[in-house]
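Okay, protein-v1.txt now, which holds compact mmCIF, C-alpha atoms and all ligand atoms:
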```
# COMPACT_ATOMS: atom_id res chain seq x y z
CA MET A 1 73.41 89.58 94.86
CA ASN A 2 70.25 91.50 95.77
CA SER A 3 69.56 94.03 98.52
CA HIS A 4 67.93 91.41 100.76
CA GLU A 5 71.06 89.23 100.58
CA LEU A 6 73.29 92.24 101.27
CA CYS A 7 71.33 93.01 104.46
CA ARG A 8 72.39 89.55 105.75
CA LEU A 9 75.98 90.81 105.82
CA PHE A 10 75.12 93.00 108.82
CA SER A 11 74.26 92.09 112.39
CA ALA A 12 71.98 95.10 113.04
CA PRO A 13 69.01 96.64 111.18
CA VAL A 14 70.23 98.10 107.88
CA GLN A 15 68.79 98.90 104.48
CA ALA A 16 70.75 98.03 101.35
CA ALA A 17 70.23 99.01 97.72
CA VAL A 18 71.90 97.69 94.59
CA ALA A 19 72.35 100.15 91.72
CA THR A 20 70.46 99.26 88.54
CA PRO A 21 72.15 99.97 85.16
CA SER A 22 70.13 103.18 84.68
CA MET A 23 71.32 104.58 88.03
CA TYR A 24 74.85 104.98 86.57
CA ASP A 25 73.36 107.84 84.54
CA ASP A 26 71.39 109.41 87.39
CA PRO A 27 72.07 113.12 88.00
CA LEU A 28 74.13 114.17 91.01
CA THR A 29 72.24 116.38 93.44
CA GLY A 30 73.20 119.42 95.51
CA SER A 31 76.94 119.70 96.18
CA GLU A 32 77.63 116.09 95.11
CA SER A 33 78.93 117.36 91.78
CA MET A 34 81.65 119.55 93.38
CA GLY A 35 85.06 118.40 92.19
CA VAL A 36 83.83 115.75 89.75
CA ALA A 37 84.08 117.82 86.52
CA ASP A 38 87.50 116.49 85.54
CA TRP A 39 86.82 112.85 86.45
CA ALA A 40 86.93 110.09 83.82
CA PRO A 41 83.41 109.16 82.64
CA ASN A 42 83.52 105.70 84.27
CA ARG A 43 84.51 107.16 87.62
CA ARG A 44 81.72 109.71 87.41
CA ARG A 45 79.19 106.99 86.50
CA GLU A 46 80.18 104.71 89.42
CA PHE A 47 80.05 107.71 91.77
CA ALA A 48 76.54 108.57 90.50
CA ALA A 49 75.43 104.93 90.89
CA GLY A 50 76.73 104.86 94.48
CA ARG A 51 74.85 108.06 95.32
CA ALA A 52 71.64 106.78 93.68
CA ALA A 53 71.91 103.47 95.57
CA ALA A 54 72.57 105.35 98.82
CA ARG A 55 69.45 107.49 98.28
CA LEU A 56 67.42 104.33 97.69
CA ALA A 57 68.76 102.82 100.93
CA LEU A 58 67.91 106.08 102.74
CA SER A 59 64.37 106.05 101.41
CA SER A 60 63.95 102.41 102.53
CA LEU A 61 65.02 103.52 106.01
CA GLY A 62 62.08 105.92 105.90
CA GLY A 63 64.16 109.02 106.54
CA PRO A 64 64.79 112.11 104.42
CA VAL A 65 66.45 111.37 101.08
CA ALA A 66 69.33 113.78 101.05
CA SER A 67 72.21 114.79 98.85
CA LEU A 68 75.43 112.96 99.85
CA PRO A 69 78.46 115.15 99.14
CA ARG A 70 82.04 113.94 99.57
CA GLY A 71 83.95 115.04 102.63
CA PRO A 72 87.50 116.39 102.27
CA ASP A 73 88.76 112.88 103.12
CA ARG A 74 86.63 111.25 100.32
CA THR A 75 84.10 109.79 102.76
CA PRO A 76 80.42 110.25 101.93
CA VAL A 77 78.69 112.77 104.18
CA TRP A 78 75.54 111.02 105.41
CA PRO A 79 72.54 112.95 106.76
CA PRO A 80 72.40 113.50 110.54
CA GLY A 81 71.33 110.34 112.37
CA ILE A 82 72.46 108.01 109.57
CA VAL A 83 75.59 105.90 109.04
CA GLY A 84 76.35 104.05 105.85
CA SER A 85 78.82 102.69 103.35
CA ILE A 86 79.15 102.57 99.55
CA SER A 87 81.13 100.21 97.33
CA HIS A 88 81.56 99.63 93.62
CA CYS A 89 83.55 97.29 91.44
CA GLU A 90 83.37 96.36 87.75
CA GLY A 91 79.71 95.37 87.18
CA PHE A 92 78.29 95.97 90.67
CA CYS A 93 77.54 98.90 92.95
CA ALA A 94 75.55 99.03 96.18
CA ALA A 95 75.08 101.08 99.33
CA VAL A 96 74.03 100.27 102.88
CA ALA A 97 72.56 102.65 105.46
CA ALA A 98 71.38 102.39 109.07
CA ARG A 99 70.12 104.64 111.82
CA ASP A 100 72.75 105.71 114.32
CA VAL A 101 70.49 104.68 117.20
CA ASP A 102 71.18 101.10 116.04
CA VAL A 103 74.64 101.23 114.54
CA LEU A 104 77.81 103.19 115.35
CA SER A 105 79.49 102.48 112.03
CA LEU A 106 79.19 100.24 108.97
CA GLY A 107 81.67 99.03 106.40
CA PHE A 108 80.67 97.46 103.09
CA ASP A 109 82.89 96.28 100.26
CA VAL A 110 82.31 94.43 97.00
CA GLU A 111 84.93 92.86 94.74
CA THR A 112 84.80 90.71 91.62
CA THR A 113 85.95 87.10 92.03
CA GLU A 114 88.96 87.78 89.75
CA PRO A 115 92.11 86.74 91.65
CA LEU A 116 94.13 89.38 93.50
CA PRO A 117 97.39 90.36 91.82
CA ASP A 118 100.35 88.59 93.52
CA ASP A 119 101.90 91.81 94.82
CA LEU A 120 98.66 92.61 96.67
CA HIS A 121 98.84 89.29 98.57
CA LEU A 122 102.15 90.37 100.03
CA LEU A 123 100.84 93.82 100.91
CA ALA A 124 97.55 92.69 102.43
CA PHE A 125 98.40 89.60 104.48
CA SER A 126 101.01 88.42 106.97
CA PRO A 127 102.60 84.98 106.45
CA ASP A 128 100.27 83.52 109.14
CA GLU A 129 97.17 84.98 107.51
CA TRP A 130 98.38 83.72 104.14
CA SER A 131 98.78 80.16 105.52
CA GLU A 132 95.15 80.16 106.68
CA ILE A 133 93.99 81.59 103.35
CA VAL A 134 95.81 78.84 101.42
CA VAL A 135 94.31 76.09 103.62
CA ARG A 136 90.76 77.48 103.40
CA SER A 137 90.93 78.15 99.67
CA GLY A 138 92.06 74.53 99.22
CA GLN A 139 89.08 73.24 101.20
CA ALA A 140 86.44 75.25 99.38
CA ARG A 141 85.87 76.60 95.90
CA VAL A 142 86.22 80.16 97.20
CA ASP A 143 89.21 82.48 96.90
CA PHE A 144 89.83 83.39 100.53
CA ALA A 145 92.49 85.90 99.48
CA LYS A 146 89.73 87.90 97.83
CA VAL A 147 87.39 87.36 100.79
CA GLY A 148 90.10 88.55 103.21
CA PHE A 149 90.95 91.56 101.05
CA SER A 150 87.32 92.62 100.81
CA ALA A 151 86.84 92.03 104.55
CA LYS A 152 89.81 94.27 105.39
CA GLU A 153 88.51 97.05 103.13
CA ALA A 154 85.08 96.76 104.78
CA PHE A 155 86.75 96.93 108.20
CA TYR A 156 88.63 100.08 107.16
CA LYS A 157 85.40 101.74 105.99
CA CYS A 158 83.81 100.94 109.36
CA TYR A 159 86.85 102.05 111.40
CA TYR A 160 87.78 105.25 109.53
CA PRO A 161 84.67 107.39 110.24
CA LEU A 162 85.19 106.83 113.96
CA GLU A 163 88.96 107.25 114.27
CA LYS A 164 89.79 109.30 111.12
CA ARG A 165 93.06 107.41 110.72
CA PHE A 166 94.56 105.49 107.83
CA LEU A 167 95.09 101.79 108.48
CA ASP A 168 97.61 99.64 106.67
CA PHE A 169 96.35 96.21 105.68
CA GLN A 170 98.80 94.59 108.08
CA ASP A 171 97.77 96.74 111.06
CA VAL A 172 94.99 94.21 111.62
CA VAL A 173 94.88 90.43 111.52
CA ILE A 174 91.84 88.65 110.10
CA ARG A 175 90.55 85.32 111.35
CA PHE A 176 87.94 83.43 109.38
CA VAL A 177 85.30 82.02 111.67
CA GLY A 178 83.60 78.67 111.51
CA PRO A 179 84.07 75.50 109.53
CA VAL A 180 84.24 75.56 105.77
CA GLY A 181 81.84 73.34 103.81
CA ASP A 182 82.37 72.02 100.29
CA ASP A 183 81.10 75.10 98.53
CA PRO A 184 80.19 77.81 101.01
CA SER A 185 78.43 80.90 99.80
CA GLY A 186 79.32 82.87 102.88
CA GLY A 187 80.84 82.96 106.32
CA ALA A 188 82.11 85.18 109.10
CA PHE A 189 85.38 86.77 110.14
CA SER A 190 86.83 88.67 113.06
CA PHE A 191 89.73 91.07 113.52
CA ALA A 192 92.45 91.95 116.01
CA PHE A 193 94.97 94.77 115.85
CA VAL A 194 98.62 93.74 115.78
CA ASP A 195 99.39 96.61 118.20
CA GLU A 196 96.82 96.63 120.98
CA ALA A 197 97.72 100.27 121.76
CA PHE A 198 96.76 101.43 118.24
CA PRO A 199 94.03 104.12 118.40
CA GLY A 200 90.64 102.43 118.27
CA ALA A 201 92.13 98.94 118.66
CA HIS A 202 89.34 98.06 121.10
CA LEU A 203 86.81 98.41 118.25
CA ALA A 204 88.12 95.30 116.51
CA GLY A 205 86.74 93.01 119.20
CA LYS A 206 83.29 94.62 118.92
CA VAL A 207 82.67 94.35 115.20
CA VAL A 208 80.80 91.55 113.45
CA GLY A 209 82.16 90.62 110.03
CA ARG A 210 80.38 88.55 107.39
CA TRP A 211 80.98 87.72 103.74
CA LEU A 212 78.90 86.35 100.88
CA THR A 213 79.57 85.29 97.32
CA ASP A 214 77.39 84.42 94.34
CA GLY A 215 80.36 83.14 92.34
CA LYS A 216 80.71 86.40 90.41
CA PHE A 217 81.13 88.90 93.24
CA ILE A 218 82.38 88.74 96.83
CA CYS A 219 80.82 91.13 99.36
CA ALA A 220 81.94 91.83 102.91
CA GLY A 221 80.05 93.65 105.65
CA VAL A 222 81.34 94.89 108.99
CA THR A 223 78.91 96.09 111.67
CA LEU A 224 79.76 98.02 114.80
CA ALA A 225 76.39 97.93 116.56
CA ARG A 226 75.51 100.48 119.20
CA SER A 227 75.35 99.01 122.65
CA ALA A 228 72.52 99.82 125.05
CA GLY A 229 74.56 102.27 127.16
CA ASP A 230 75.93 104.04 124.13
CA ARG A 231 73.41 106.72 123.07
CA PRO A 232 73.92 108.96 120.03
CA ALA A 233 74.56 112.67 120.65
CA GLN A 234 71.39 114.79 120.56
CA PRO A 235 71.30 117.41 117.77
C1 LIG A 301 88.98 103.65 100.81
C2 LIG A 301 89.07 102.25 100.21
C3 LIG A 301 88.86 101.21 101.29
C4 LIG A 301 88.00 102.12 99.12
O1 LIG A 301 87.93 100.83 98.62
P1 LIG A 301 87.93 100.51 97.04
O2 LIG A 301 87.82 99.03 96.88
O3 LIG A 301 89.08 101.23 96.42
O4 LIG A 301 86.63 101.18 96.47
P2 LIG A 301 85.10 100.90 96.86
O5 LIG A 301 84.33 101.16 95.64
O6 LIG A 301 84.89 99.62 97.55
O7 LIG A 301 84.81 102.05 97.92
C5 LIG A 301 84.87 103.39 97.54
C6 LIG A 301 83.89 104.17 98.37
O8 LIG A 301 84.26 104.08 99.74
C7 LIG A 301 83.90 105.31 100.38
N1 LIG A 301 85.09 105.76 101.08
C8 LIG A 301 86.19 106.35 100.57
N2 LIG A 301 87.08 106.57 101.54
C9 LIG A 301 86.54 106.11 102.68
C10 LIG A 301 86.97 106.07 104.04
N3 LIG A 301 88.17 106.54 104.41
N4 LIG A 301 86.15 105.53 104.97
C11 LIG A 301 84.92 105.06 104.62
N5 LIG A 301 84.46 105.07 103.35
C12 LIG A 301 85.26 105.60 102.40
C13 LIG A 301 83.39 106.26 99.30
O9 LIG A 301 81.98 106.23 99.32
C14 LIG A 301 83.92 105.63 98.04
O10 LIG A 301 83.08 105.77 96.91
P3 LIG A 301 82.80 107.20 96.24
O11 LIG A 301 84.10 107.93 96.19
O12 LIG A 301 82.24 106.86 94.89
O13 LIG A 301 81.82 107.83 97.17
C15 LIG A 301 90.47 102.00 99.55
O14 LIG A 301 90.63 102.83 98.43
C16 LIG A 301 91.63 102.27 100.47
O15 LIG A 301 92.09 103.39 100.62
N6 LIG A 301 92.19 101.20 101.08
C17 LIG A 301 93.37 101.30 101.89
C18 LIG A 301 93.05 101.23 103.35
C19 LIG A 301 92.56 99.88 103.73
O16 LIG A 301 91.66 99.34 103.14
N7 LIG A 301 93.18 99.32 104.76
C20 LIG A 301 92.77 98.05 105.26
C21 LIG A 301 93.04 98.08 106.73
S1 LIG A 301 92.60 96.57 107.49
```

Show me this structure written as structure tokens.
Ligand SMILES: CC(C)(COP(=O)(O)OP(=O)(O)OC[C@H]1O[C@@H](n2cnc3c(N)ncnc32)[C@H](O)[C@@H]1OP(=O)(O)O)[C@@H](O)C(=O)NCCC(=O)NCCS
Amino acid sequence: MNSHELCRLFSAPVQAAVATPSMYDDPLTGSESMGVADWAPNRRREFAAGRAAARLALSSLGGPVASLPRGPDRTPVWPPGIVGSISHCEGFCAAVAARDVDVLSLGFDVETTEPLPDDLHLLAFSPDEWSEIVVRSGQARVDFAKVGFSAKEAFYKCYYPLEKRFLDFQDVVIRFVGPVGDDPSGGAFSFAFVDEAFPGAHLAGKVVGRWLTDGKFICAGVTLARSAGDRPAQP
């Protein structure tokens, strides 16, 4: 999956960057290294790759290439005027960034195509969602459990920076959109909150969700585009 393909996951102008193997050894900059001293080497390397990919995405946006420290809640702190999202899994790491004049929030997630452990099925999906997943996975050579899991993580990464609240997997219901062909390499999904009074529940109807697979990895992107009447705060 290359950066051009990753950009297709989003419904607004974004820049994506995939970490190359050498980026896992890139140095951390500024306060990025705070708190990482006691991390396991693999965790530190994936963190460095995510930061390096994020800086590449920032430079493609044409803005300043900044240090991206971690906030107290583990979220990356993007430069003013930028929103973005980082994801890594075994063998793949990428980042996506956009200008906040175009996008209110972004969520990006990547997973390997290894099946989900059984106990995660029960945690992540309601019986109704699971029925749809079983039907769709039977129609296509794609594991819709993994697509749905990645989609929900991408939704969380889009939702959290706006509402600063944890979401359980079963707080939202996923619907896969559109017909399934014999061997699709991608598709769309939408979300609804189970409890319509949940903080930020209105956001679910405004996001655009898309997924892609190359057979080795599954990626999901969630875009909350800025609407015309919705201007960013001036610095
Ligand atoms: C936060 C979470 C989604 C990360 O997903 P993951 O598959 O474990 O790991 P990924 O590599 O895809 O993503 C990790 C990156 O997400 C970013 N991130 C972490 N917490 C985040 C948050 N609350 N909001 C947005 N981005 C976040 C960070 O950049 C992190 O990488 P870094 O620490 O190297 O900077 C996951 O650990 C989690 O807590 N899930 C439970 C909540 C959830 O997904 N609910 C679904 C509701 S529908």

- Item | Residue among A:Thr223, A:Thr112, A:Ser60, A:Thr75 lying closest to A:Gln15, counting only C-alpha atoms |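 Nearest candidate to A:Gln15 out of A:Thr223, A:Thr112, A:Ser60, A:Thr75: A:Ser60.
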
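Of the listed residues A:Pro117, A:Pro184, A:Gly30, A:Gly62, the one whose atoms come nearest to A:Gln139 is A:Pro184, with distances taken using only C-alpha atoms.
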
- Nearest residue to ligand LIG 301 (chain A) from the set A:Ser11, A:Gln170, A:Ser31, A:Thr213 (distances using all atoms listed in the file):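 Nearest to ligand LIG 301 (chain A): A:Gln170.
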
- Task: Using all atoms listed in the file, find each residue with an atom at most 7 Å away from ligand LIG 301 (chain A) and format the answer as a PyMOL selection string.
- Result: chain A and resi 46-47+50+70+73-76+85-89+109-110+152-158+160-161+166-172

For A:Lys206, list every protein, DNA or RNA residue within 12 Å, evaluated using only C-alpha atoms, and leave out those in the same chain fewer than 3 positions away; present the list as a short mmCIF file (atom, residue, chain, number, x, y, z; two decimals) with C-alpha atoms, keeping the file's coordinate frame.
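Final file, around.cif:
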```cif
data_model
loop_
_atom_site.label_atom_id
_atom_site.label_comp_id
_atom_site.auth_asym_id
_atom_site.auth_seq_id
_atom_site.Cartn_x
_atom_site.Cartn_y
_atom_site.Cartn_z
CA SER A 11 74.26 92.09 112.39
CA VAL A 103 74.64 101.23 114.54
CA LEU A 104 77.81 103.19 115.35
CA SER A 105 79.49 102.48 112.03
CA PHE A 155 86.75 96.93 108.20
CA CYS A 158 83.81 100.94 109.36
CA TYR A 159 86.85 102.05 111.40
CA PHE A 189 85.38 86.77 110.14
CA SER A 190 86.83 88.67 113.06
CA PHE A 191 89.73 91.07 113.52
CA ALA A 192 92.45 91.95 116.01
CA GLY A 200 90.64 102.43 118.27
CA ALA A 201 92.13 98.94 118.66
CA HIS A 202 89.34 98.06 121.10
CA LEU A 203 86.81 98.41 118.25
CA GLY A 209 82.16 90.62 110.03
CA VAL A 222 81.34 94.89 108.99
CA THR A 223 78.91 96.09 111.67
CA LEU A 224 79.76 98.02 114.80
CA ALA A 225 76.39 97.93 116.56
CA ARG A 226 75.51 100.48 119.20
CA SER A 227 75.35 99.01 122.65
#
```

- Message: Which residues are close to A:Glu90, i.e. within 12 Å by only C-alpha atoms, leaving aside same-chain residues fewer than 5 positions away? Reply as a PyMOL selection string.
- Response: chain A and resi 42-43+45-46+110-114+216-218

- Task: Identify which of the residues A:Arg99, A:Arg51, A:Arg8, A:Arg44 lies closest to A:Gly186, counting all atoms listed in the file when measuring atom-to-atom distances.
- Result: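 Of A:Arg99, A:Arg51, A:Arg8, A:Arg44, the one nearest A:Gly186, counting all atoms listed in the file, is A:Arg8.
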
- Message: Between atom CA of A:Glu132 and atom CA of A:Cys7, what is the distance in Å, rounded to a tenth?
- Response: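 It comes out at 27.2 Å.
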
- Item | For A:Val207, the nearest of the candidates A:Leu58, A:Cys219, A:Ala12, A:Ala40, counting only C-alpha atoms | A:Ala12

- Task: Would you mind telling me which residue in A:Asp100, A:Glu5, A:Asp128, A:Asp214 lies nearest to A:Val142 when using only C-alpha atoms?
- Result: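 Going through A:Asp100, A:Glu5, A:Asp128, A:Asp214 one by one, the smallest distance to A:Val142 is for A:Asp214.
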
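For the pair atom CA of A:Arg165 and atom CA of A:Val77, the interatomic distance is 16.7 Å.
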
- Task: Give me the residues within 12 Å of A:Leu28 as number ranges by chain, counting all atoms listed in the file and dropping any in the same chain fewer than 3 places off.
- Result: A: 23-25, 31-37, 44-55, 66-70

- Message: Would you compute the distance between atom CA of A:Leu116 and atom CA of A:Leu9? Give it in Å to one decimal.
- Response: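 Between these atoms lies a distance of 22.0 Å.
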
- If you count only C-alpha atoms, which residues fall within 8 Å of A:Val18, apart from same-chain ones fewer than 2 positions away, as a ChimeraX atom specification? /A:2-3,16,20,53,92-95

Within 12 Å of A:Leu120, counting only C-alpha atoms, which residues show up once you throw out same-chain ones fewer than 4 positions away? Write them as a PDB file with C-alpha atoms, in the frame of the given file, please.
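result-v8.pdb, freshly written:
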```
ATOM      1  CA  PRO A 115      92.110  86.740  91.650  1.00  0.00           C
ATOM      2  CA  LEU A 116      94.130  89.380  93.500  1.00  0.00           C
ATOM      3  CA  ALA A 124      97.550  92.690 102.430  1.00  0.00           C
ATOM      4  CA  PHE A 125      98.400  89.600 104.480  1.00  0.00           C
ATOM      5  CA  SER A 126     101.010  88.420 106.970  1.00  0.00           C
ATOM      6  CA  TRP A 130      98.380  83.720 104.140  1.00  0.00           C
ATOM      7  CA  ALA A 145      92.490  85.900  99.480  1.00  0.00           C
ATOM      8  CA  LYS A 146      89.730  87.900  97.830  1.00  0.00           C
ATOM      9  CA  GLY A 148      90.100  88.550 103.210  1.00  0.00           C
ATOM     10  CA  PHE A 149      90.950  91.560 101.050  1.00  0.00           C
ATOM     11  CA  PHE A 169      96.350  96.210 105.680  1.00  0.00           C
ATOM     12  CA  GLN A 170      98.800  94.590 108.080  1.00  0.00           C
TER      13      GLN A 170
END
```

Box in all listed atoms of stretch 122-131 of chain A, axis-aligned, with 5 Å more on each side; write out centre and edge lengths in Å to one decimal as JSON.
```
{"center_x": 99.9, "center_y": 87.0, "center_z": 104.6, "size_x": 15.4, "size_y": 23.7, "size_z": 19.1}
```

Complete stretch 38-58 of chain A at the level of N, CA and C atoms, written as a CSV table (one decimal), in the frame of the given file.
```csv
chain,number,residue,atom,x,y,z
A,38,ASP,N,86.4,117.0,86.3
A,38,ASP,CA,87.5,116.5,85.5
A,38,ASP,C,87.7,115.0,85.7
A,39,TRP,N,86.7,114.3,86.3
A,39,TRP,CA,86.8,112.8,86.4
A,39,TRP,C,86.6,112.1,85.1
A,40,ALA,N,87.2,110.9,85.0
A,40,ALA,CA,86.9,110.1,83.8
A,40,ALA,C,85.5,109.7,83.8
A,41,PRO,N,84.8,109.5,82.7
A,41,PRO,CA,83.4,109.2,82.6
A,41,PRO,C,83.1,107.9,83.5
A,42,ASN,N,83.9,106.9,83.5
A,42,ASN,CA,83.5,105.7,84.3
A,42,ASN,C,83.5,106.0,85.8
A,43,ARG,N,84.5,106.8,86.2
A,43,ARG,CA,84.5,107.2,87.6
A,43,ARG,C,83.3,108.0,88.0
A,44,ARG,N,82.9,108.9,87.1
A,44,ARG,CA,81.7,109.7,87.4
A,44,ARG,C,80.5,108.8,87.5
A,45,ARG,N,80.4,107.8,86.6
A,45,ARG,CA,79.2,107.0,86.5
A,45,ARG,C,79.1,106.1,87.8
A,46,GLU,N,80.3,105.6,88.2
A,46,GLU,CA,80.2,104.7,89.4
A,46,GLU,C,79.9,105.6,90.6
A,47,PHE,N,80.4,106.8,90.7
A,47,PHE,CA,80.0,107.7,91.8
A,47,PHE,C,78.5,108.0,91.8
A,48,ALA,N,78.0,108.3,90.6
A,48,ALA,CA,76.5,108.6,90.5
A,48,ALA,C,75.7,107.3,90.9
A,49,ALA,N,76.2,106.2,90.5
A,49,ALA,CA,75.4,104.9,90.9
A,49,ALA,C,75.5,104.7,92.4
A,50,GLY,N,76.6,105.0,93.0
A,50,GLY,CA,76.7,104.9,94.5
A,50,GLY,C,75.8,105.8,95.2
A,51,ARG,N,75.7,107.1,94.7
A,51,ARG,CA,74.8,108.1,95.3
A,51,ARG,C,73.4,107.7,95.1
A,52,ALA,N,73.0,107.2,93.9
A,52,ALA,CA,71.6,106.8,93.7
A,52,ALA,C,71.3,105.6,94.6
A,53,ALA,N,72.2,104.6,94.7
A,53,ALA,CA,71.9,103.5,95.6
A,53,ALA,C,71.8,103.9,97.0
A,54,ALA,N,72.6,104.9,97.4
A,54,ALA,CA,72.6,105.4,98.8
A,54,ALA,C,71.2,106.0,99.1
A,55,ARG,N,70.8,106.8,98.1
A,55,ARG,CA,69.4,107.5,98.3
A,55,ARG,C,68.3,106.5,98.4
A,56,LEU,N,68.4,105.4,97.6
A,56,LEU,CA,67.4,104.3,97.7
A,56,LEU,C,67.4,103.7,99.1
A,57,ALA,N,68.6,103.4,99.6
A,57,ALA,CA,68.8,102.8,100.9
A,57,ALA,C,68.2,103.8,102.0
A,58,LEU,N,68.5,105.1,101.8
A,58,LEU,CA,67.9,106.1,102.7
A,58,LEU,C,66.4,106.1,102.7
```
